[in-house]
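Pasted below: target-v6.cif, mmCIF, C-alpha atoms.
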data_structure
#
loop_
_atom_site.label_atom_id
_atom_site.label_comp_id
_atom_site.auth_asym_id
_atom_site.auth_seq_id
_atom_site.Cartn_x
_atom_site.Cartn_y
_atom_site.Cartn_z
CA MET E 1208 14.60 -1.61 26.29
CA ASN E 1209 15.39 2.08 26.29
CA LYS E 1210 14.37 4.62 28.89
CA ALA E 1211 10.82 4.80 27.63
CA GLY E 1212 10.55 1.02 27.48
CA GLN E 1213 10.35 0.48 23.74
CA ARG E 1214 10.89 -2.96 22.39
CA ALA E 1215 14.40 -4.25 22.00
CA SER E 1216 15.54 -5.00 18.50
CA THR E 1217 14.56 -8.15 16.65
CA PRO E 1218 14.61 -11.27 18.82
CA THR E 1219 17.04 -14.03 17.95
CA HIS E 1220 15.84 -17.00 15.93
CA ALA E 1221 17.29 -20.35 14.95
CA VAL E 1222 17.61 -19.20 11.36
CA ASP E 1223 18.92 -15.72 10.87
CA ASP E 1224 16.74 -13.19 9.08
CA ALA E 1225 19.59 -12.46 6.68
CA ASP E 1226 19.70 -16.13 5.63
CA LEU E 1227 15.97 -16.15 5.15
CA VAL E 1228 16.20 -13.02 3.02
CA LEU E 1229 18.88 -14.63 0.87
CA ALA E 1230 16.78 -17.75 0.45
CA ALA E 1231 13.68 -15.69 -0.32
CA ARG E 1232 15.62 -13.79 -2.96
CA ARG E 1233 16.42 -17.11 -4.61
CA GLY E 1234 12.70 -17.81 -4.77
CA ASP E 1235 12.27 -19.81 -1.58
CA ARG E 1236 8.69 -18.93 -0.65
CA ASP E 1237 8.88 -20.88 2.62
CA ALA E 1238 11.75 -18.65 3.73
CA PHE E 1239 9.66 -15.59 3.00
CA ARG E 1240 6.74 -17.12 4.85
CA THR E 1241 8.98 -17.57 7.87
CA LEU E 1242 9.78 -13.87 7.75
CA TYR E 1243 6.05 -13.20 7.55
CA GLU E 1244 5.40 -15.43 10.54
CA ARG E 1245 8.03 -13.61 12.53
CA TYR E 1246 6.94 -10.07 11.85
CA HIS E 1247 3.36 -9.87 10.69
CA ARG E 1248 2.01 -9.16 14.17
CA ARG E 1249 4.48 -6.41 14.86
CA ALA E 1250 3.80 -4.93 11.47
CA TYR E 1251 0.08 -5.10 12.17
CA THR E 1252 0.42 -3.40 15.56
CA LEU E 1253 2.35 -0.58 13.96
CA ALA E 1254 -0.12 -0.21 11.10
CA LEU E 1255 -3.11 -0.35 13.44
CA GLY E 1256 -1.68 2.41 15.59
CA VAL E 1257 -1.48 4.67 12.58
CA VAL E 1258 -4.51 3.82 10.45
CA ARG E 1259 -6.82 2.79 13.37
CA SER E 1260 -9.04 0.47 11.34
CA PRO E 1261 -8.22 -3.25 11.76
CA ASP E 1262 -9.16 -4.03 8.16
CA ASP E 1263 -7.07 -1.17 6.81
CA ALA E 1264 -4.17 -2.28 9.00
CA LEU E 1265 -4.41 -5.79 7.54
CA ASP E 1266 -4.37 -4.29 4.05
CA VAL E 1267 -1.26 -2.33 4.95
CA VAL E 1268 0.44 -5.48 6.25
CA GLN E 1269 -0.45 -7.39 3.11
CA ASP E 1270 0.82 -4.64 0.83
CA ALA E 1271 3.95 -4.21 2.92
CA PHE E 1272 4.98 -7.86 2.59
CA ILE E 1273 4.24 -7.89 -1.12
CA LYS E 1274 6.32 -4.76 -1.54
CA ALA E 1275 9.10 -6.15 0.64
CA HIS E 1276 9.23 -9.28 -1.49
CA LYS E 1277 9.32 -7.24 -4.66
CA TYR E 1278 12.25 -5.20 -3.44
CA LEU E 1279 14.18 -7.88 -1.55
CA ASP E 1280 17.06 -7.38 -3.96
CA LYS E 1281 17.34 -3.79 -2.79
CA PHE E 1282 17.60 -4.76 0.87
CA GLU E 1283 21.30 -4.37 1.53
CA GLY E 1284 21.34 -5.69 5.06
CA ALA E 1285 22.70 -2.48 6.58
CA SER E 1286 19.78 -2.58 9.01
CA SER E 1287 17.76 -5.50 10.26
CA PHE E 1288 15.05 -6.95 8.06
CA TYR E 1289 12.43 -5.71 10.48
CA THR E 1290 13.83 -2.17 10.49
CA TRP E 1291 13.56 -2.22 6.73
CA LEU E 1292 10.07 -3.72 6.88
CA TYR E 1293 8.70 -1.23 9.39
CA ARG E 1294 9.77 1.62 7.13
CA ILE E 1295 7.74 0.04 4.38
CA VAL E 1296 4.81 -0.42 6.76
CA MET E 1297 5.03 3.17 7.97
CA ASN E 1298 5.27 4.56 4.45
CA LEU E 1299 2.24 2.57 3.38
CA ALA E 1300 0.30 3.52 6.51
CA ILE E 1301 1.11 7.19 6.02
CA ASP E 1302 0.18 6.93 2.34
CA HIS E 1303 -3.06 5.35 3.42
CA LEU E 1304 -3.79 8.28 5.71
CA ARG E 1305 -3.04 10.72 2.93
CA LYS E 1306 -5.33 8.91 0.53
CA HIS E 1307 -8.16 8.59 3.04
CA ARG E 1308 -7.63 11.85 4.81
CA ARG E 1309 -10.42 12.75 7.11
CA HIS E 1310 -11.16 16.28 8.16
CA LYS E 1311 -9.83 16.76 11.63
CA PRO E 1312 -9.25 19.89 13.58
CA VAL E 1313 -5.75 21.20 13.14
CA GLU E 1314 -3.79 20.67 16.31
CA LEU E 1315 -2.61 23.77 18.08
CA ASP E 1316 1.07 23.22 17.46
CA GLU E 1317 0.51 22.63 13.75
CA THR E 1318 -0.68 26.19 13.41
CA ARG E 1319 2.66 27.41 14.67
CA LEU E 1320 4.91 25.31 12.52
CA GLY E 1321 4.88 27.19 9.30
CA ASP E 1322 8.64 27.04 8.86
CA GLY E 1323 9.02 23.62 10.39
CA THR E 1324 10.71 24.83 13.55
CA ASP E 1325 9.36 24.79 17.04
CA ARG E 1326 7.83 27.86 18.51
CA ALA E 1327 6.43 28.27 21.95
CA VAL E 1328 5.07 25.10 23.42
CA ASP E 1329 2.84 26.67 25.93
CA ASP E 1330 1.71 24.03 28.32
CA SER E 1331 3.17 21.15 30.15
CA LEU E 1332 3.04 17.43 30.66
CA LEU E 1333 0.91 15.93 33.36
CA PRO E 1334 2.67 14.38 36.29
CA LYS E 1335 0.45 11.30 36.56
CA ILE E 1336 -2.31 9.52 34.72
CA LEU E 1337 -3.34 6.19 36.11
CA GLY E 1338 -1.67 6.05 39.44
CA GLY E 1339 1.39 4.38 37.99
CA ASN E 1340 -0.10 1.02 37.01
CA PRO E 1341 -0.75 0.98 33.28
CA GLY E 1342 -0.59 -2.82 33.04
CA ARG E 1343 -3.48 -3.17 35.44
CA ALA E 1344 -5.37 -0.36 33.77
CA LEU E 1345 -5.24 -2.20 30.46
CA MET E 1346 -7.30 -5.01 31.95
CA ASP E 1347 -10.20 -2.60 32.07
CA LYS E 1348 -12.17 -2.54 28.83
CA GLN E 1349 -13.47 0.91 29.53
CA ILE E 1350 -9.97 2.26 29.92
CA ARG E 1351 -8.95 0.62 26.64
CA ALA E 1352 -11.96 2.18 24.97
CA ARG E 1353 -10.81 5.52 26.34
CA ILE E 1354 -7.32 4.98 24.96
CA ASP E 1355 -8.86 4.22 21.58
CA ALA E 1356 -10.97 7.34 21.77
CA ALA E 1357 -7.96 9.39 22.84
CA LEU E 1358 -5.94 8.10 19.89
CA GLU E 1359 -8.81 8.96 17.63
CA THR E 1360 -8.76 12.57 18.77
CA LEU E 1361 -5.15 13.00 17.66
CA SER E 1362 -4.40 14.32 14.24
CA ASP E 1363 -3.04 11.73 11.81
CA ASN E 1364 0.43 13.24 12.01
CA HIS E 1365 0.47 13.28 15.80
CA ARG E 1366 -0.71 9.70 15.97
CA ALA E 1367 1.83 8.49 13.42
CA VAL E 1368 4.69 10.11 15.33
CA LEU E 1369 3.45 8.80 18.66
CA VAL E 1370 3.13 5.25 17.37
CA MET E 1371 6.51 5.30 15.66
CA ARG E 1372 8.11 6.48 18.85
CA GLU E 1373 6.25 4.41 21.42
CA LEU E 1374 6.11 1.15 19.51
CA GLU E 1375 9.38 1.14 17.66
CA GLY E 1376 11.47 3.69 19.48
CA LEU E 1377 12.44 5.59 16.36
CA SER E 1378 14.72 8.56 16.84
CA TYR E 1379 13.46 12.04 15.99
CA GLU E 1380 15.74 12.02 13.00
CA GLU E 1381 14.37 8.72 11.72
CA MET E 1382 10.83 9.95 12.17
CA ALA E 1383 11.65 13.21 10.44
CA ALA E 1384 12.97 11.24 7.48
CA ALA E 1385 9.92 8.98 7.44
CA MET E 1386 7.49 11.90 7.58
CA GLU E 1387 9.54 14.24 5.42
CA CYS E 1388 9.62 17.10 7.90
CA SER E 1389 12.07 18.69 10.31
CA LYS E 1390 13.21 17.24 13.60
CA GLY E 1391 11.69 20.25 15.33
CA THR E 1392 8.31 19.46 13.84
CA ILE E 1393 8.60 15.86 14.96
CA MET E 1394 9.52 16.93 18.46
CA SER E 1395 6.61 19.33 18.62
CA ARG E 1396 4.15 16.77 17.28
CA LEU E 1397 5.35 14.17 19.72
CA PHE E 1398 5.17 16.51 22.67
CA HIS E 1399 1.64 17.57 21.84
CA ALA E 1400 0.53 14.05 21.02
CA ARG E 1401 1.70 12.85 24.42
CA LYS E 1402 0.29 15.83 26.22
CA ASN E 1403 -3.07 15.41 24.49
CA MET E 1404 -3.15 11.71 25.28
CA GLN E 1405 -2.49 12.54 28.90
CA ALA E 1406 -5.18 15.18 28.90
CA GLN E 1407 -7.71 12.81 27.34
CA LEU E 1408 -6.98 10.23 30.00
CA ALA E 1409 -6.52 12.59 32.92
CA ASP E 1410 -9.91 11.90 34.48
CA LEU E 1411 -9.05 8.22 34.76
CA ARG E 1412 -6.58 8.89 37.51
CA GLY E 1413 -7.03 6.27 40.14
CA ASP E 1414 -5.49 8.11 43.05
CA GLY E 1415 -8.26 10.61 43.52
CA ALA E 1416 -5.96 13.46 42.69
CA PRO E 1417 -7.42 16.43 40.88
CA ALA E 1418 -6.94 16.69 37.16
CA ALA E 1419 -3.69 17.99 35.93
CA ASP E 1420 -2.23 21.31 36.69
CA SER E 1421 -0.86 22.49 33.41
CA SER E 1422 0.01 25.98 34.45
CA THR E 1423 3.53 25.31 35.60
CA ASP E 1424 6.86 24.77 34.02
CA LEU E 1425 6.14 26.00 30.54
CA PRO E 1426 8.48 24.60 27.93
CA ALA E 1427 10.48 27.30 26.24
CA ALA E 1428 10.69 27.92 22.54
CA GLN E 1429 12.82 25.42 20.67
CA GLY E 1430 14.31 25.53 17.26
CA SER E 1431 15.79 22.38 15.94
CA ALA E 1432 14.99 21.87 12.32
CA MET P 928 22.18 13.70 17.17
CA ALA P 929 20.63 15.68 19.97
CA ASP P 930 20.17 19.40 19.91
CA PRO P 931 21.18 21.39 22.99
CA LYS P 932 18.13 22.85 24.68
CA PRO P 933 17.56 25.32 27.46
CA THR P 934 17.16 23.47 30.72
CA GLY P 935 14.07 23.40 32.82
CA THR P 936 11.43 22.57 30.23
CA ASP P 937 9.03 19.70 29.87
CA LEU P 938 10.20 19.39 26.32
CA GLU P 939 13.61 18.58 27.71
CA LEU P 940 12.17 15.98 29.99
CA MET P 941 10.63 14.36 26.95
CA GLN P 942 13.90 14.51 25.04
CA HIS P 943 15.62 12.95 28.02
CA VAL P 944 13.13 10.09 28.08
CA ASP P 945 13.56 9.63 24.33
CA GLY P 946 17.36 9.68 24.54
CA GLU P 947 17.58 12.73 22.30
CA LEU P 948 19.68 15.03 24.48
CA ASP P 949 23.42 15.32 24.22
CA GLU P 950 25.46 14.07 27.13
CA ALA P 951 25.82 17.39 28.95
CA ALA P 952 22.15 18.35 28.67
CA ASP P 953 21.12 14.86 29.67
CA ARG P 954 23.22 15.09 32.83
CA GLU P 955 21.59 18.38 33.76
CA VAL P 956 18.13 16.94 33.31
CA GLU P 957 19.06 13.93 35.43
CA LEU P 958 20.10 16.31 38.19
CA ARG P 959 16.86 18.20 37.87
CA ILE P 960 14.82 15.02 38.06
CA GLY P 961 16.79 14.02 41.16
CA ARG P 962 15.90 17.14 43.05
CA ASP P 963 12.45 17.94 41.62
CA PRO P 964 9.67 15.43 42.43
CA ASP P 965 7.38 17.08 39.90
CA ALA P 966 9.90 16.52 37.12
CA ARG P 967 10.27 12.91 38.28
CA ALA P 968 6.48 12.47 38.15
CA LYS P 969 6.33 13.91 34.65
CA VAL P 970 9.00 11.54 33.42
CA ASP P 971 7.09 8.66 34.98
CA ALA P 972 3.90 9.86 33.31
CA LEU P 973 5.58 9.82 29.92
CA GLY P 974 6.51 6.20 30.52
CA GLU P 975 2.92 5.55 31.52
CA VAL P 976 1.55 6.85 28.22
CA SER P 977 4.10 4.72 26.40
CA GLU P 978 3.08 1.60 28.25
CA LEU P 979 -0.61 2.28 27.85
CA LEU P 980 -0.35 2.82 24.15
CA ARG P 981 1.93 -0.11 23.52
CA GLY P 982 -0.06 -2.43 25.72
CA HIS P 983 -3.33 -1.36 24.19
CA LEU P 984 -2.17 -1.88 20.61
CA GLU P 985 -0.56 -5.21 21.42
CA LEU P 986 -3.76 -6.43 23.04
CA ALA P 987 -5.66 -5.27 19.96
CA THR P 988 -3.25 -7.28 17.82
CA ASP P 989 -3.68 -10.34 20.02
CA ALA P 990 -7.41 -10.07 19.45
CA VAL P 991 -7.00 -10.71 15.72
CA PRO P 992 -7.59 -14.43 15.09
CA ALA P 993 -4.62 -16.31 13.69
CA ARG P 994 -6.74 -17.46 10.76
CA ARG P 995 -7.10 -13.84 9.66
CA PHE P 996 -3.33 -13.55 9.35
CA ASP P 997 -3.29 -16.90 7.55
CA GLN P 998 -5.75 -15.46 5.05
CA ILE P 999 -3.48 -12.49 4.56
CA TRP P 1000 -0.56 -14.83 3.91
CA ARG P 1001 -2.56 -16.79 1.33
CA GLU P 1002 -3.39 -13.55 -0.44
CA ILE P 1003 0.27 -12.49 -0.36
CA ASP P 1004 1.26 -15.92 -1.70
CA LYS P 1005 -1.27 -15.60 -4.51
CA GLN P 1006 -0.09 -12.12 -5.42
CA LEU P 1007 3.52 -13.26 -5.48
CA ASP P 1008 2.57 -16.15 -7.77
CA LEU P 1009 0.83 -13.74 -10.11
CA ALA P 1010 3.82 -11.43 -10.11
CA ALA P 1011 6.14 -14.34 -10.85
CA ALA P 1012 4.04 -15.72 -13.73
CA PRO P 1013 5.61 -15.00 -17.15
CA ALA P 1014 3.81 -12.42 -19.25
CA PRO P 1015 1.92 -13.89 -22.24
CA ALA P 1016 4.19 -14.08 -25.30
CA ALA P 1017 3.56 -11.56 -28.05
CA VAL P 1018 1.84 -12.99 -31.10
CA PRO P 1019 4.22 -12.93 -34.07
CA ALA P 1020 3.23 -10.37 -36.68
CA GLU P 1021 2.91 -12.91 -39.48
CA ARG P 1022 0.66 -15.12 -37.39
CA ALA P 1023 -1.45 -12.20 -36.31
CA ALA P 1024 -1.84 -11.14 -39.92
CA SER P 1025 -3.27 -14.47 -40.96
CA GLU P 1026 -5.64 -14.66 -38.02
CA SER P 1027 -8.98 -13.08 -37.48
CA VAL P 1028 -9.43 -9.33 -37.71
CA MET P 1029 -11.00 -9.61 -34.25
CA MET P 1030 -7.47 -9.16 -32.93
CA VAL P 1031 -7.23 -5.71 -34.40
CA LEU P 1032 -10.56 -4.21 -33.54
CA PRO P 1033 -12.34 -4.18 -30.24
CA ALA P 1034 -14.92 -6.87 -29.79
CA GLN P 1035 -17.75 -4.37 -29.61
CA ALA P 1036 -17.04 -3.02 -33.11
CA SER P 1037 -19.90 -3.72 -35.49
CA LEU P 1038 -19.58 -6.56 -37.95
CA TRP P 1039 -19.73 -4.14 -40.86
CA ARG P 1040 -16.97 -1.99 -39.39
CA ARG P 1041 -14.77 -4.99 -38.83
CA VAL P 1042 -15.35 -6.21 -42.35
CA THR P 1043 -14.55 -2.83 -43.89
CA HIS P 1044 -11.45 -2.55 -41.73
CA TRP P 1045 -10.37 -5.95 -42.92
CA LEU P 1046 -11.11 -4.97 -46.51
CA ASP P 1047 -8.88 -1.92 -46.14
CA ARG P 1048 -6.02 -4.05 -44.98
CA LYS P 1049 -6.49 -6.78 -47.58
CA ARG P 1050 -7.65 -4.73 -50.51
CA GLY P 1051 -5.30 -6.38 -52.99
CA TYR P 1052 -6.27 -9.85 -52.00
CA VAL P 1053 -9.94 -9.00 -51.93
CA ILE P 1054 -10.06 -7.52 -55.42
CA THR P 1055 -8.24 -10.50 -56.87
CA ALA P 1056 -10.33 -12.88 -54.84
CA MET P 1057 -13.60 -11.25 -55.79
CA VAL P 1058 -12.77 -11.40 -59.45
CA SER P 1059 -11.76 -15.03 -59.10
CA ALA P 1060 -14.79 -15.86 -56.99
CA GLY P 1061 -17.06 -14.22 -59.51
CA ALA P 1062 -15.54 -16.31 -62.23
CA VAL P 1063 -15.85 -19.46 -60.18
CA ALA P 1064 -19.46 -18.70 -59.34
CA ALA P 1065 -20.32 -17.96 -62.95
CA ILE P 1066 -18.71 -21.18 -64.13
CA ALA P 1067 -20.51 -23.12 -61.42
CA LEU P 1068 -23.88 -21.68 -62.42
CA VAL P 1069 -23.38 -22.18 -66.12
CA ALA P 1070 -22.06 -25.71 -65.71
CA ARG P 1071 -24.86 -26.70 -63.28
CA PRO P 1072 -26.68 -29.82 -64.55
CA GLY P 1073 -29.88 -28.81 -66.34
CA GLY P 1074 -29.05 -25.23 -65.88
CA THR P 1075 -29.99 -23.80 -69.18
CA GLY P 1076 -31.54 -20.59 -67.99
CA ALA P 1077 -28.88 -19.53 -65.47
CA ALA P 1078 -29.86 -16.95 -62.85
CA PRO P 1079 -27.86 -13.74 -62.79
CA VAL P 1080 -24.68 -13.95 -60.79
CA GLU P 1081 -25.73 -11.27 -58.31
CA GLN P 1082 -28.93 -13.14 -57.58
CA ALA P 1083 -27.00 -16.32 -56.96
CA VAL P 1084 -24.64 -14.70 -54.52
CA ALA P 1085 -26.11 -11.64 -52.89
CA HIS P 1086 -29.67 -12.78 -52.42
CA ARG P 1087 -28.90 -16.09 -50.87
CA PRO P 1088 -28.97 -16.29 -47.08
CA ALA P 1089 -25.59 -15.83 -45.44
CA GLU P 1090 -23.42 -18.90 -45.79
CA LEU P 1091 -19.81 -19.88 -45.91
CA GLU P 1092 -17.94 -21.68 -48.61
CA ALA P 1093 -14.28 -22.54 -48.57
CA LEU P 1094 -11.85 -23.06 -51.35
CA ASP P 1095 -8.43 -24.50 -50.74
CA THR P 1096 -5.74 -23.43 -53.15
CA PRO P 1097 -2.02 -24.09 -53.15
CA GLY P 1098 -1.47 -20.56 -51.92
CA GLY P 1099 -3.87 -20.75 -48.98
CA THR P 1100 -7.56 -20.92 -48.09
CA TRP P 1101 -10.28 -18.67 -49.49
CA THR P 1102 -13.52 -18.39 -47.60
CA MET P 1103 -16.57 -16.69 -49.08
CA MET P 1104 -19.22 -15.12 -46.88
CA ASN P 1105 -22.42 -13.28 -47.59
CA VAL P 1106 -22.90 -10.85 -44.78
CA SER P 1107 -25.62 -8.34 -44.15
CA ASP P 1108 -26.56 -5.86 -41.46
CA GLU P 1109 -28.48 -2.59 -41.24
CA ASP P 1110 -26.06 -0.99 -43.69
CA GLY P 1111 -26.78 -3.53 -46.39
CA ALA P 1112 -25.34 -6.79 -47.69
CA ALA P 1113 -21.91 -7.66 -49.01
CA THR P 1114 -19.94 -10.60 -50.19
CA VAL P 1115 -16.64 -11.06 -48.48
CA ILE P 1116 -13.83 -13.26 -49.67
CA TRP P 1117 -11.67 -14.11 -46.67
CA VAL P 1118 -8.22 -15.05 -47.84
CA THR P 1119 -5.83 -16.80 -45.52
CA PRO P 1120 -2.72 -17.25 -47.61
CA GLU P 1121 0.16 -19.34 -46.39
CA ASP P 1122 3.15 -17.47 -45.07
CA THR P 1123 1.34 -14.15 -45.10
CA VAL P 1124 3.42 -11.20 -44.04
CA GLU P 1125 1.62 -8.14 -42.72
CA GLY P 1126 1.58 -5.35 -45.28
CA LEU P 1127 2.49 -7.40 -48.31
#
Spit out the file's structure as structure tokens when you get a sec.
Amino acid sequence: MNKAGQRASTPTHAVDDADLVLAARRGDRDAFRTLYERYHRRAYTLALGVVRSPDDALDVVQDAFIKAHKYLDKFEGASSFYTWLYRIVMNLAIDHLRKHRRHKPVELDETRLGDGTDRAVDDSLLPKILGGNPGRALMDKQIRARIDAALETLSDNHRAVLVMRELEGLSYEEMAAAMECSKGTIMSRLFHARKNMQAQLADLRGDGAPAADSSTDLPAAQGSA
Amino acid sequence: MADPKPTGTDLELMQHVDGELDEAADREVELRIGRDPDARAKVDALGEVSELLRGHLELATDAVPARRFDQIWREIDKQLDLAAAPAPAAVPAERAASESVMMVLPAQASLWRRVTHWLDRKRGYVITAMVSAGAVAAIALVARPGGTGAAPVEQAVAHRPAELEALDTPGGTWTMMNVSDEDGAATVIWVTPEDTVEGL
């Protein structure tokens, strides 16, 4: 786990993914099914975070595995099979968003990113949300509904970046490559996505503290394209 | 790798949490977090959002019944089978030429249009065949038992209801058809010669 607690890399299995990939390339469908069994849930979680609809997420998973099988010969093994697969999942999920784009209000930071570099990020993160016990909070259906609603308020780009980061721990550079934009844009989107999530959930604070004070510690302008 | 940033910003705190600062900047942020409880709380809050989101999506994934993922696998399996199936072999030109004209024209084309299209392609055969068929028909009518007053050839052929007759010859099979539609009636001699080569 890294500082933010993202998942560690692929867990170890009796049969290595690389061996399964080799077997699948030779036409061994059972080997490919084993890969599916290992990763379909993770792929689904990732897709769901981006596309939001369970049925659409299942479609993305299905298409991703079909595509992965088609291009198994092109998988060189430089990264893990799952790293390769999640890129396919993300690309398909982002494509899905593009094809089914809904009209959403443009997020504040998007209006300032004309050249892809960060400009002033004019408010700050909240110091606390749920009194420091997210695991317990997730037991509450109402809180989960609020998380869903908060995710829904994010723009597609903000949500995609947030999910890539929080679920898979992608670096800014990897996300920039996946979304074909600058690192500065990724950083800005991520910052605002997190801040907006916090703001949406601020009234759930369990410690009776007043809602966030966002007037302090303004982040300065950044420029890292 | 990481871009150096001015210290003292929430953006930096986020970069620190994400492991995106270079070593020197990261050290400075660590120091700041150590002496500033508000910065510490903000870093904790970032972790909180991470955990909430991850936990929420994982619970949503757990809620999907296993059979739904099994269905997805079956669909993937089916699609892979389809992709692996060999494409249908192309029909050799000579075989196509000797087969029905239905292969050339769309199924919805009218009968008359298909016949005229076929006539265009087989004009040489048709002229020869029609002459031969006319001769055969005339001989058949004249030689008919008791047929002293033979009916005109056109009456014998064109005014009969549509029917098929076949004539096998050493060079192939000739099939005669009387066809009619809103455009009128016609006699068609359908020649299927052996070893036909398209265009000859």
Residue list for chain P near chain E as a PyMOL selection string, 6 Å, only C-alpha atoms: chain P and resi 936-938+944+968-969+972+974+977+979+981+984+988
Rounded to one decimal place, report the CA of Ile1301 (chain E)-CA of Asp1363 (chain E) distance in Å.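 Separating CA of Ile1301 (chain E) from CA of Asp1363 (chain E) is a distance of 8.4 Å.
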Atom pair CA of Arg1396 (chain E) / CA of Asn1298 (chain E): separation (Å):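 Result for CA of Arg1396 (chain E) versus CA of Asn1298 (chain E): 17.7 Å, one decimal.
The spacing separating CA of Thr1290 (chain E) from CA of Ala1011 (chain P) amounts to 25.7 Å.
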Which residue is closest to Gly1284 (chain E)? Choose from E:Met1297, E:Val1267, E:Val1228, E:Ala1385 and count all atoms listed in the file. E:Val1228
